[in-house]
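Novice: File name data_15.cif; file contents mmCIF, C-alpha atoms; full text below.
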data_run
#
loop_
_atom_site.label_atom_id
_atom_site.label_comp_id
_atom_site.auth_asym_id
_atom_site.auth_seq_id
_atom_site.Cartn_x
_atom_site.Cartn_y
_atom_site.Cartn_z
CA MET A 1 169.83 -61.63 87.32
CA GLU A 2 173.31 -60.52 86.25
CA THR A 3 176.37 -61.46 88.34
CA ASP A 4 176.96 -57.85 89.46
CA ASP A 5 173.35 -57.58 90.55
CA ARG A 6 173.59 -60.83 92.52
CA ASN A 7 176.72 -59.58 94.25
CA GLU A 8 175.01 -56.30 95.07
CA VAL A 9 171.99 -58.10 96.53
CA ALA A 10 174.25 -60.39 98.57
CA LYS A 11 176.08 -57.38 99.99
CA ASN A 12 172.81 -55.69 100.81
CA MET A 13 171.56 -58.83 102.55
CA GLU A 14 174.57 -58.69 104.85
CA VAL A 15 173.49 -55.23 105.99
CA ILE A 16 169.91 -56.47 106.40
CA GLY A 17 171.31 -59.16 108.70
CA MET A 18 173.06 -56.51 110.77
CA LEU A 19 169.70 -54.84 111.43
CA GLN A 20 168.03 -57.86 113.04
CA GLY A 21 168.40 -56.50 116.56
CA PHE A 22 167.13 -53.05 115.62
CA VAL A 23 164.13 -54.52 113.80
CA GLY A 24 163.34 -56.74 116.80
CA GLU A 25 163.33 -53.67 119.05
CA THR A 26 161.02 -51.94 116.60
CA VAL A 27 158.55 -54.83 116.90
CA ASP A 28 158.54 -54.37 120.68
CA HIS A 29 158.22 -50.58 120.61
CA SER A 30 156.23 -49.78 117.45
CA LEU A 31 153.81 -52.67 117.03
CA LEU A 32 151.14 -53.64 119.53
CA ASP A 33 150.53 -56.75 121.60
CA PRO A 34 147.53 -58.59 120.11
CA ASP A 35 145.70 -58.21 123.44
CA ASP A 36 145.93 -54.43 123.11
CA CYS A 37 144.80 -54.14 119.48
CA TRP A 38 141.44 -53.02 118.20
CA GLN A 39 139.49 -55.65 116.30
CA PRO A 40 136.97 -55.27 113.45
CA THR A 41 134.01 -56.14 115.69
CA ASP A 42 134.74 -53.04 117.80
CA PHE A 43 133.32 -50.94 114.95
CA LEU A 44 130.49 -53.19 113.78
CA PRO A 45 127.00 -54.08 115.03
CA ASP A 46 127.12 -56.87 117.61
CA LEU A 47 124.97 -59.53 116.00
CA THR A 48 124.58 -61.35 119.33
CA GLN A 49 122.50 -58.47 120.69
CA LYS A 50 118.73 -58.05 120.37
CA ASP A 51 119.06 -54.64 118.73
CA ALA A 52 121.61 -55.86 116.16
CA MET A 53 119.30 -55.40 113.18
CA ASP A 54 118.47 -51.88 114.30
CA GLU A 55 122.20 -51.13 114.32
CA VAL A 56 122.57 -52.60 110.83
CA VAL A 57 119.74 -50.36 109.60
CA LEU A 58 121.49 -47.32 111.07
CA LEU A 59 124.74 -48.34 109.38
CA ARG A 60 122.96 -48.67 106.04
CA GLU A 61 121.27 -45.30 106.46
CA ARG A 62 124.59 -43.59 107.19
CA CYS A 63 126.35 -45.27 104.31
CA SER A 64 123.55 -44.51 101.85
CA THR A 65 124.58 -40.83 101.75
CA ILE A 66 128.12 -41.53 100.56
CA PRO A 67 128.75 -40.80 96.84
CA ASP A 68 129.31 -43.79 94.55
CA SER A 69 132.81 -42.57 93.72
CA VAL A 70 133.83 -42.66 97.39
CA ILE A 71 132.35 -46.14 97.83
CA SER A 72 134.29 -47.31 94.75
CA SER A 73 137.48 -45.85 96.19
CA LEU A 74 136.79 -47.54 99.52
CA VAL A 75 136.20 -50.88 97.79
CA GLY A 76 139.50 -50.55 95.92
CA ASN A 77 141.30 -49.78 99.18
CA MET A 78 139.68 -52.78 100.82
CA ILE A 79 140.60 -55.12 97.96
CA THR A 80 144.18 -53.90 98.20
CA GLU A 81 144.20 -54.72 101.91
CA GLU A 82 142.66 -58.14 101.31
CA ALA A 83 145.59 -59.16 99.11
CA LEU A 84 147.79 -59.25 102.21
CA PRO A 85 148.82 -62.93 101.71
CA SER A 86 150.69 -61.90 98.55
CA TYR A 87 152.46 -59.05 100.32
CA GLN A 88 153.57 -61.20 103.25
CA THR A 89 154.86 -63.88 100.90
CA TYR A 90 156.86 -61.28 98.99
CA PHE A 91 158.36 -59.78 102.14
CA ASN A 92 159.31 -63.18 103.54
CA LEU A 93 161.03 -64.13 100.29
CA ILE A 94 163.11 -60.95 100.45
CA VAL A 95 164.28 -60.73 104.08
CA ASN A 96 163.58 -64.13 105.69
CA GLU A 97 166.73 -66.09 104.93
CA GLU A 98 165.91 -68.70 107.59
CA LYS A 99 162.63 -69.60 105.84
CA ASP A 100 161.23 -70.31 109.32
CA LEU A 101 158.06 -68.36 110.01
CA THR A 102 158.23 -69.09 113.75
CA SER A 103 161.80 -67.80 114.15
CA THR A 104 162.72 -65.18 116.76
CA ASN A 105 164.79 -63.38 114.09
CA GLY A 106 163.90 -59.68 114.19
CA TRP A 107 162.85 -59.56 110.54
CA VAL A 108 160.66 -62.66 110.86
CA ARG A 109 159.04 -61.29 114.02
CA TRP A 110 158.38 -58.04 112.18
CA SER A 111 156.78 -59.85 109.23
CA ARG A 112 154.43 -61.78 111.52
CA ALA A 113 153.46 -58.84 113.73
CA TRP A 114 153.05 -56.43 110.79
CA THR A 115 150.88 -58.94 108.93
CA ALA A 116 148.73 -59.57 112.00
CA GLU A 117 148.00 -55.86 112.35
CA GLU A 118 147.38 -55.34 108.65
CA ASN A 119 145.05 -58.33 108.43
CA ARG A 120 142.37 -56.49 110.42
CA HIS A 121 142.08 -53.72 107.83
CA GLY A 122 140.61 -55.77 105.02
CA ASP A 123 138.42 -57.73 107.44
CA LEU A 124 136.84 -54.56 108.85
CA LEU A 125 136.27 -52.77 105.55
CA ASN A 126 134.93 -55.95 103.93
CA LYS A 127 132.35 -56.52 106.67
CA TYR A 128 131.33 -52.86 106.75
CA LEU A 129 130.77 -52.77 103.01
CA TYR A 130 128.88 -56.09 103.13
CA LEU A 131 126.49 -54.74 105.77
CA SER A 132 126.09 -51.42 103.95
CA GLY A 133 124.31 -52.96 100.98
CA ARG A 134 126.10 -50.55 98.66
CA CYS A 135 128.16 -53.19 96.85
CA ASP A 136 127.73 -56.21 94.66
CA MET A 137 129.83 -58.31 97.00
CA LYS A 138 130.08 -61.22 94.58
CA LYS A 139 131.85 -58.92 92.10
CA VAL A 140 134.07 -57.57 94.87
CA GLU A 141 134.96 -61.08 96.04
CA GLU A 142 135.81 -62.12 92.50
CA THR A 143 138.19 -59.15 92.19
CA ILE A 144 139.90 -60.07 95.49
CA HIS A 145 140.24 -63.66 94.32
CA ARG A 146 141.80 -62.64 91.01
CA LEU A 147 144.19 -60.16 92.63
CA ILE A 148 145.61 -62.80 94.99
CA TYR A 149 145.55 -65.34 92.15
CA ASN A 150 147.62 -62.99 89.95
CA GLY A 151 150.26 -62.44 92.62
CA PHE A 152 152.32 -59.40 93.48
CA ASN A 153 155.44 -58.00 91.89
CA PRO A 154 156.75 -54.64 93.22
CA ASN A 155 159.67 -54.95 90.80
CA THR A 156 162.40 -54.71 93.44
CA ASN A 157 164.75 -57.10 91.61
CA HIS A 158 165.21 -59.21 94.80
CA ASP A 159 167.00 -56.26 96.41
CA PRO A 160 166.08 -55.87 100.11
CA TYR A 161 167.00 -52.18 100.05
CA GLN A 162 164.54 -51.54 97.25
CA ALA A 163 161.95 -53.52 99.19
CA ILE A 164 162.36 -51.22 102.19
CA VAL A 165 162.10 -48.14 99.96
CA TYR A 166 158.95 -49.63 98.45
CA THR A 167 157.28 -50.36 101.79
CA SER A 168 158.25 -46.95 103.19
CA PHE A 169 156.56 -45.31 100.21
CA GLN A 170 153.54 -47.59 100.13
CA GLU A 171 152.70 -47.37 103.82
CA ARG A 172 152.64 -43.57 103.53
CA ALA A 173 150.56 -43.73 100.35
CA THR A 174 148.08 -46.10 101.99
CA LYS A 175 147.85 -43.86 105.05
CA ILE A 176 147.07 -40.86 102.85
CA SER A 177 144.43 -42.81 100.93
CA HIS A 178 142.63 -43.94 104.09
CA VAL A 179 142.81 -40.49 105.69
CA ASN A 180 141.29 -38.81 102.63
CA THR A 181 138.60 -41.48 102.28
CA GLY A 182 137.70 -40.97 105.93
CA LYS A 183 137.35 -37.23 105.38
CA LEU A 184 134.98 -37.78 102.46
CA ALA A 185 132.93 -40.32 104.44
CA GLY A 186 132.62 -37.89 107.33
CA LYS A 187 131.63 -35.07 104.98
CA ALA A 188 128.88 -37.32 103.62
CA GLY A 189 127.58 -37.96 107.13
CA ASP A 190 129.05 -41.36 108.04
CA GLU A 191 131.17 -40.57 111.09
CA THR A 192 131.59 -44.25 111.95
CA LEU A 193 133.19 -45.01 108.60
CA SER A 194 135.30 -41.86 108.95
CA LYS A 195 136.56 -43.16 112.31
CA ILE A 196 137.27 -46.57 110.78
CA CYS A 197 139.38 -45.07 107.99
CA LYS A 198 141.28 -42.85 110.42
CA THR A 199 141.95 -45.82 112.73
CA ILE A 200 143.34 -47.88 109.86
CA ALA A 201 145.43 -44.88 108.79
CA GLY A 202 146.85 -44.78 112.32
CA ASP A 203 148.15 -48.32 111.90
CA GLU A 204 149.64 -47.43 108.54
CA ALA A 205 151.37 -44.41 110.09
CA ARG A 206 153.10 -46.62 112.70
CA HIS A 207 154.16 -49.08 110.02
CA GLU A 208 155.38 -46.27 107.78
CA LYS A 209 157.51 -44.85 110.59
CA ALA A 210 159.10 -48.24 111.20
CA TYR A 211 159.95 -48.94 107.55
CA LYS A 212 161.40 -45.47 107.17
CA SER A 213 163.58 -46.08 110.24
CA PHE A 214 164.89 -49.30 108.65
CA MET A 215 165.96 -47.35 105.57
CA THR A 216 167.51 -44.64 107.73
CA LYS A 217 169.74 -47.29 109.31
CA ILE A 218 170.63 -48.73 105.90
CA LEU A 219 171.74 -45.31 104.67
CA GLU A 220 173.84 -44.81 107.79
CA ILE A 221 175.65 -48.12 107.26
CA ASP A 222 175.79 -48.18 103.46
CA PRO A 223 174.97 -44.73 101.97
CA ASN A 224 176.17 -45.65 98.48
CA GLY A 225 174.20 -48.86 98.28
CA GLY A 226 171.12 -47.38 99.92
CA LEU A 227 171.07 -44.33 97.68
CA LYS A 228 171.60 -46.44 94.57
CA SER A 229 168.66 -48.70 95.47
CA PHE A 230 166.46 -45.69 96.26
CA GLU A 231 167.19 -44.29 92.81
CA GLN A 232 166.61 -47.63 91.08
CA MET A 233 163.25 -48.06 92.79
CA MET A 234 162.09 -44.58 91.87
CA ARG A 235 163.22 -44.80 88.23
CA LYS A 236 160.91 -47.79 87.83
CA GLN A 237 158.15 -45.89 89.63
CA ILE A 238 156.33 -47.35 92.60
CA ALA A 239 153.92 -50.01 91.38
CA MET A 240 150.79 -49.86 93.50
CA PRO A 241 150.07 -53.13 95.39
CA ALA A 242 146.82 -53.71 93.49
CA VAL A 243 148.29 -53.09 90.04
CA LEU A 244 147.31 -56.62 88.97
CA MET A 245 143.68 -56.00 89.92
CA VAL A 246 141.60 -57.15 86.96
CA ASP A 247 138.01 -58.11 86.27
CA GLY A 248 138.45 -61.28 84.31
CA GLY A 249 138.64 -60.80 80.56
CA LYS A 250 135.95 -58.13 80.55
CA ASP A 251 137.87 -55.28 82.11
CA PRO A 252 141.64 -55.81 82.27
CA ASN A 253 142.08 -52.11 83.10
CA ILE A 254 140.13 -52.14 86.35
CA PHE A 255 143.16 -50.87 88.30
CA SER A 256 143.51 -47.94 85.91
CA ASP A 257 139.83 -47.12 86.40
CA PHE A 258 140.18 -47.36 90.19
CA SER A 259 143.23 -45.06 90.06
CA ALA A 260 141.32 -42.56 87.94
CA ILE A 261 138.55 -42.45 90.56
CA THR A 262 140.97 -41.84 93.44
CA GLN A 263 142.67 -39.14 91.36
CA LYS A 264 139.37 -37.43 90.53
CA ILE A 265 138.00 -37.28 94.08
CA GLY A 266 141.36 -36.50 95.70
CA VAL A 267 141.84 -39.71 97.66
CA TYR A 268 145.27 -40.40 96.16
CA THR A 269 146.76 -38.24 93.40
CA THR A 270 149.91 -37.53 91.46
CA TRP A 271 150.42 -34.59 93.82
CA ASP A 272 150.49 -37.08 96.71
CA TYR A 273 153.05 -39.19 94.83
CA ALA A 274 155.29 -36.14 94.42
CA ASN A 275 154.88 -35.13 98.05
CA ILE A 276 155.86 -38.60 99.27
CA ILE A 277 159.05 -38.46 97.21
CA GLU A 278 159.89 -35.06 98.66
CA HIS A 279 159.17 -36.31 102.17
CA LEU A 280 161.45 -39.34 101.87
CA VAL A 281 164.26 -37.38 100.23
CA SER A 282 164.09 -34.85 103.06
CA LEU A 283 163.73 -37.43 105.85
CA TRP A 284 166.67 -39.50 104.66
CA LYS A 285 168.74 -36.33 104.11
CA ILE A 286 169.57 -37.40 100.56
CA GLU A 287 170.77 -33.94 99.55
CA THR A 288 173.39 -33.77 102.32
CA LEU A 289 174.91 -37.26 101.95
CA THR A 290 178.65 -37.01 101.31
CA GLY A 291 181.48 -39.31 100.24
CA LEU A 292 179.46 -40.82 97.42
CA LYS A 293 180.83 -42.60 94.40
CA ASP A 294 180.49 -40.86 91.03
CA GLY A 295 177.53 -42.85 89.77
CA VAL A 296 175.75 -42.56 93.09
CA ALA A 297 176.28 -38.79 93.15
CA LYS A 298 174.26 -38.64 89.92
CA ALA A 299 171.54 -40.66 91.63
CA GLN A 300 171.54 -38.07 94.39
CA ASP A 301 170.90 -35.29 91.87
CA TYR A 302 168.11 -37.30 90.25
CA LEU A 303 166.30 -37.95 93.52
CA CYS A 304 166.56 -34.36 94.72
CA THR A 305 164.74 -33.06 91.62
CA LEU A 306 162.28 -35.91 91.16
CA ALA A 307 159.39 -34.51 93.20
CA ASP A 308 159.31 -31.36 91.07
CA ARG A 309 159.19 -33.48 87.92
CA TYR A 310 156.03 -35.19 89.17
CA ARG A 311 154.51 -31.88 90.20
CA ARG A 312 154.92 -30.68 86.61
CA ILE A 313 153.18 -33.85 85.45
CA ALA A 314 150.37 -33.24 87.96
CA GLU A 315 149.88 -29.71 86.65
CA ARG A 316 149.36 -31.02 83.12
CA MET A 317 147.01 -33.86 84.04
CA LYS A 318 143.39 -33.61 82.96
CA ILE A 319 140.58 -34.39 85.38
CA PRO A 320 139.46 -37.97 84.64
CA GLU A 321 135.98 -38.68 83.37
CA ASP A 322 133.39 -40.20 85.69
CA ILE A 323 133.90 -43.94 85.88
CA ASN A 324 131.52 -46.54 87.29
CA LEU A 325 132.94 -49.90 88.33
CA ASN A 326 130.79 -53.00 88.62
CA TRP A 327 131.55 -53.28 92.35
CA LEU A 328 128.52 -51.09 93.12
CA SER A 329 125.07 -52.50 93.69
CA ASN A 330 122.32 -51.32 91.33
CA LYS A 331 119.60 -52.30 93.78
CA LYS A 332 117.76 -49.66 95.79
CA LEU A 333 118.57 -49.90 99.47
CA ALA A 334 115.77 -51.00 101.78
CA PHE A 335 115.87 -50.01 105.44
#
Would you mind writing the file out in structure tokens?
Specialist:
Amino acid sequence: METDDRNEVAKNMEVIGMLQGFVGETVDHSLLDPDDCWQPTDFLPDLTQKDAMDEVVLLRERCSTIPDSVISSLVGNMITEEALPSYQTYFNLIVNEEKDLTSTNGWVRWSRAWTAEENRHGDLLNKYLYLSGRCDMKKVEETIHRLIYNGFNPNTNHDPYQAIVYTSFQERATKISHVNTGKLAGKAGDETLSKICKTIAGDEARHEKAYKSFMTKILEIDPNGGLKSFEQMMRKQIAMPAVLMVDGGKDPNIFSDFSAITQKIGVYTTWDYANIIEHLVSLWKIETLTGLKDGVAKAQDYLCTLADRYRRIAERMKIPEDINLNWLSNKKLAF
């Protein structure tokens, strides 16, 4: 990292330190006490009950009507959620200067509470898919293993501002993906899975709101630095959390295939990417920021026209071909 970049990051970290109190309040008001949270077993057959196997059969019957493409999209979403250890490690490296995971520092409390809520998402989807019989779970588990093994690099250049832009964007993208998957599951007749996806999306919406409020505060305190980091993050494009998802040496492009599926069935598309940009630019009032330095004023112009650029890309995109990933089971379901 160049000296100027290090100085910029150090300055930004000072502002991050100023937000500790605000972030701590957000933990208290936006995240839930563990005793009040839903848990994966609330949505799954209770295997301690006599009728448990009957409930499993009903689950498998419901899930059997869901198209393969939607199941593949759901698996990819679940794998992304299961890589949470990498995401927490990244976030702690960026904002946790104390390096004490039991600290009462607002940012450390946020990291713990956010991770605890997110951890349920992968657990629930994993168990549901396992019981459904629709997946080759060994292949799925291998993909999860490799994704965590490969690590996570959102390309934020150690800049905490860029990290907050990234999480603001990603939480909204994840919410959209789960909402749309839930709609498709409900349309196929699995209302339980639809409810699961919508419940997870509700968590993502609360997290999204919090991260966006952190960036709002940053822009109030340091509009030049915040705007510059926003531009830098968007020029690199937002790397999806599961971008390092691979299938050994056989299919190094598994993330590209997964993305093509979500694009084709409308779970998460380039249109969504453009709409998220427009939403953040509007929410953070980028167009009306004043008193900016010359270089930052150019960044302002870039950001205010960026959503339209992606919409033009979306208009030119061809519908992807049908793609089958090896996460799906080839065995006929037995009820």
Novice: Can you list, as a list in words, every protein, DNA or RNA residue that comes within 12 Å of A:Glu14 when you count only C-alpha atoms, leaving out same-chain residues fewer than 4 positions away?
Specialist: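 Contacts, with the query itself left out: Asn7, Glu8, Val9, Ala10, Met18, Leu19, Gln20, Val95, Glu97, Asp159, Pro160, Tyr161, Ile218, Ile221, Asp222 and Gly225 of chain A.
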Novice: Per residue of stretch 90-162 of chain A within 12 Å of stretch 191-198 of chain A, which atom pair is closest and at what distance in Å (one decimal), using all atoms listed in the file, listed by chain and increasing number, as JSON lines?
Specialist:
{"residue": "A:Arg120", "atom": "CA", "partner": "A:Ile196", "partner_atom": "CA", "distance": 11.2}
{"residue": "A:His121", "atom": "CA", "partner": "A:Cys197", "partner_atom": "CA", "distance": 9.1}
{"residue": "A:Gly122", "atom": "CA", "partner": "A:Cys197", "partner_atom": "CA", "distance": 11.2}
{"residue": "A:Asp123", "atom": "CA", "partner": "A:Ile196", "partner_atom": "CA", "distance": 11.7}
{"residue": "A:Leu124", "atom": "CA", "partner": "A:Ile196", "partner_atom": "CA", "distance": 8.2}
{"residue": "A:Leu125", "atom": "CA", "partner": "A:Ile196", "partner_atom": "CA", "distance": 8.2}
{"residue": "A:Asn126", "atom": "CA", "partner": "A:Ile196", "partner_atom": "CA", "distance": 11.8}
{"residue": "A:Lys127", "atom": "CA", "partner": "A:Leu193", "partner_atom": "CA", "distance": 11.7}
{"residue": "A:Tyr128", "atom": "CA", "partner": "A:Leu193", "partner_atom": "CA", "distance": 8.3}
{"residue": "A:Leu129", "atom": "CA", "partner": "A:Leu193", "partner_atom": "CA", "distance": 9.9}
{"residue": "A:Ser132", "atom": "CA", "partner": "A:Leu193", "partner_atom": "CA", "distance": 10.6}
Novice: For A:Arg112, which residue among A:Asp46, A:Leu32, A:Val179, A:Leu306 is the nearest when counting only C-alpha atoms?
Specialist: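 Using only C-alpha atoms, the shortest distance to A:Arg112 belongs to A:Leu32.
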Novice: Have a look at A:Ile66, A:Leu303, A:Ala116, A:Ala185 and name the one nearest to A:Pro85; count only C-alpha atoms.
Specialist: A:Ala116
Novice: By how many Å are atom CA of A:Leu328 and atom CA of A:Arg134 apart?
Specialist: 6.1 Å
Novice: Got a sec: who's within 9 Å of stretch 138-144 of chain A, counting only C-alpha atoms, leaving out chain neighbours fewer than 6 positions off, as a PyMOL selection string?
Specialist: chain A and resi 75-76+79-80+82-83+245-248+326-328
Novice: Can you work out which one of A:Tyr273, A:Phe214, A:Phe43, A:Phe152 has the shortest atom-to-atom distance to A:Tyr90, counting all atoms listed in the file?
Specialist: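 Among the listed residues, A:Phe152 lies closest to A:Tyr90.
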Novice: If you apply the PyMOL selection byres ((chain A and resi 69) around 9) to this file, what residues do you get, as a list of chain:residue names?
Specialist: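 Selected by the PyMOL selection byres ((chain A and resi 69) around 9) in this file: A:Ile66, A:Pro67, A:Asp68, A:Val70, A:Ile71, A:Ser72, A:Ser73, A:Leu74, A:Ile261, A:Thr262, A:Lys264, A:Ile265, A:Asp322, A:Ile323, A:Asn324.
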Novice: Can you write out the residues you just picked, keeping C-alpha atoms, as a short mmCIF file (atom, residue, chain, number, x, y, z; two decimals), in the frame of the given file?
Specialist:
data_model
loop_
_atom_site.label_atom_id
_atom_site.label_comp_id
_atom_site.auth_asym_id
_atom_site.auth_seq_id
_atom_site.Cartn_x
_atom_site.Cartn_y
_atom_site.Cartn_z
CA ILE A 66 128.12 -41.53 100.56
CA PRO A 67 128.75 -40.80 96.84
CA ASP A 68 129.31 -43.79 94.55
CA VAL A 70 133.83 -42.66 97.39
CA ILE A 71 132.35 -46.14 97.83
CA SER A 72 134.29 -47.31 94.75
CA SER A 73 137.48 -45.85 96.19
CA LEU A 74 136.79 -47.54 99.52
CA ILE A 261 138.55 -42.45 90.56
CA THR A 262 140.97 -41.84 93.44
CA LYS A 264 139.37 -37.43 90.53
CA ILE A 265 138.00 -37.28 94.08
CA ASP A 322 133.39 -40.20 85.69
CA ILE A 323 133.90 -43.94 85.88
CA ASN A 324 131.52 -46.54 87.29
#
Novice: Using all atoms listed in the file, find the one residue out of A:His279, A:His207, A:Arg6, A:Lys99 that sits nearest to A:Trp114.
Specialist: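 So, comparing all the options, the nearest one is A:His207.
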Novice: One decimal, in Å: what's the spacing between atom CA of A:Lys175 and atom CA of A:Glu204?
Specialist: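 About the pair atom CA of A:Lys175 and atom CA of A:Glu204: they are 5.3 Å apart.
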Novice: For A:Lys298, please output as an mmCIF file with C-alpha atoms, keeping the file's coordinate frame all residues within 12 Å (counting only C-alpha atoms; exclusion window: fewer than 6 positions along the same chain).
Specialist:
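Below is the file around-v5.cif, written as the result:
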data_model
loop_
_atom_site.group_PDB
_atom_site.id
_atom_site.type_symbol
_atom_site.label_atom_id
_atom_site.label_comp_id
_atom_site.auth_asym_id
_atom_site.auth_seq_id
_atom_site.Cartn_x
_atom_site.Cartn_y
_atom_site.Cartn_z
ATOM 1 C CA ASN A 224 176.170 -45.650 98.480
ATOM 2 C CA LEU A 227 171.070 -44.330 97.680
ATOM 3 C CA LYS A 228 171.600 -46.440 94.570
ATOM 4 C CA GLU A 231 167.190 -44.290 92.810
ATOM 5 C CA GLN A 232 166.610 -47.630 91.080
ATOM 6 C CA ILE A 286 169.570 -37.400 100.560
ATOM 7 C CA GLU A 287 170.770 -33.940 99.550
ATOM 8 C CA LEU A 292 179.460 -40.820 97.420
ATOM 9 C CA CYS A 304 166.560 -34.360 94.720
ATOM 10 C CA THR A 305 164.740 -33.060 91.620
#
Novice: List, as JSON, numbers by chain, every residue that the PyMOL selection byres ((chain A and resi 213) around 10) selects in the file provided.
Specialist: {"A": [22, 23, 26, 164, 168, 207, 208, 209, 210, 211, 212, 214, 215, 216, 217, 218, 219, 283, 284]}
Novice: Could you tell me which residues the PyMOL selection byres ((chain A and resi 170) around 12) returns for this structure, as a PyMOL selection string?
Specialist: chain A and resi 80-81+87+154+163-169+171-177+204-205+207-209+211-212+237-242+268+272-273+276-277+280
Novice: Between atom CA of A:Asp257 and atom CA of A:Leu325, what is the spacing in Å?
Specialist: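 Computing it gives 7.7 Å between the two atoms.
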Novice: Return the single residue from A:Arg316, A:Gln162, A:Gly24, A:Asp54 that is closest to A:Ser103, with distances computed using all atoms listed in the file.
Specialist: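 Among the listed residues, A:Gly24 lies closest to A:Ser103.
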Novice: Using only C-alpha atoms, which of A:Ala201, A:Ala52, A:Leu84, A:Ala260 sits nearest A:Met317?
Specialist: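 Of A:Ala201, A:Ala52, A:Leu84, A:Ala260, the one nearest A:Met317, counting only C-alpha atoms, is A:Ala260.
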Novice: Save stretch 218-229 of chain A to a file: N, CA, C and O atoms, as an mmCIF file, in the first residue's frame.
Specialist:
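To be explicit, this is the file written out as part25.cif:
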data_model
loop_
_atom_site.group_PDB
_atom_site.id
_atom_site.type_symbol
_atom_site.label_atom_id
_atom_site.label_comp_id
_atom_site.auth_asym_id
_atom_site.auth_seq_id
_atom_site.Cartn_x
_atom_site.Cartn_y
_atom_site.Cartn_z
ATOM 1 N N ILE A 218 -20.672 8.561 8.296
ATOM 2 C CA ILE A 218 -19.349 8.830 7.735
ATOM 3 C C ILE A 218 -19.411 10.018 6.784
ATOM 4 O O ILE A 218 -18.557 10.916 6.821
ATOM 5 N N LEU A 219 -20.420 10.036 5.928
ATOM 6 C CA LEU A 219 -20.552 11.130 4.957
ATOM 7 C C LEU A 219 -20.869 12.453 5.640
ATOM 8 O O LEU A 219 -20.505 13.513 5.137
ATOM 9 N N GLU A 220 -21.541 12.418 6.773
ATOM 10 C CA GLU A 220 -21.799 13.645 7.520
ATOM 11 C C GLU A 220 -20.510 14.213 8.117
ATOM 12 O O GLU A 220 -20.289 15.422 8.121
ATOM 13 N N ILE A 221 -19.662 13.321 8.616
ATOM 14 C CA ILE A 221 -18.416 13.751 9.264
ATOM 15 C C ILE A 221 -17.337 14.064 8.242
ATOM 16 O O ILE A 221 -16.593 15.048 8.362
ATOM 17 N N ASP A 222 -17.218 13.238 7.221
ATOM 18 C CA ASP A 222 -16.125 13.335 6.247
ATOM 19 C C ASP A 222 -16.665 13.118 4.835
ATOM 20 O O ASP A 222 -16.449 12.068 4.226
ATOM 21 N N PRO A 223 -17.409 14.085 4.280
ATOM 22 C CA PRO A 223 -18.026 13.892 2.958
ATOM 23 C C PRO A 223 -17.012 13.638 1.853
ATOM 24 O O PRO A 223 -17.256 12.829 0.956
ATOM 25 N N ASN A 224 -15.858 14.308 1.894
ATOM 26 C CA ASN A 224 -14.857 14.093 0.849
ATOM 27 C C ASN A 224 -14.289 12.680 0.903
ATOM 28 O O ASN A 224 -14.202 11.997 -0.120
ATOM 29 N N GLY A 225 -13.904 12.254 2.087
ATOM 30 C CA GLY A 225 -13.347 10.914 2.223
ATOM 31 C C GLY A 225 -14.377 9.832 1.940
ATOM 32 O O GLY A 225 -14.085 8.836 1.274
ATOM 33 N N GLY A 226 -15.598 10.027 2.442
ATOM 34 C CA GLY A 226 -16.644 9.035 2.220
ATOM 35 C C GLY A 226 -17.016 8.901 0.767
ATOM 36 O O GLY A 226 -17.171 7.789 0.244
ATOM 37 N N LEU A 227 -17.136 10.025 0.081
ATOM 38 C CA LEU A 227 -17.500 10.006 -1.336
ATOM 39 C C LEU A 227 -16.386 9.382 -2.168
ATOM 40 O O LEU A 227 -16.638 8.600 -3.101
ATOM 41 N N LYS A 228 -15.151 9.711 -1.824
ATOM 42 C CA LYS A 228 -14.008 9.146 -2.552
ATOM 43 C C LYS A 228 -13.983 7.623 -2.419
ATOM 44 O O LYS A 228 -13.767 6.895 -3.398
ATOM 45 N N SER A 229 -14.223 7.125 -1.210
ATOM 46 C CA SER A 229 -14.209 5.675 -0.992
ATOM 47 C C SER A 229 -15.375 4.996 -1.696
ATOM 48 O O SER A 229 -15.232 3.892 -2.233
#
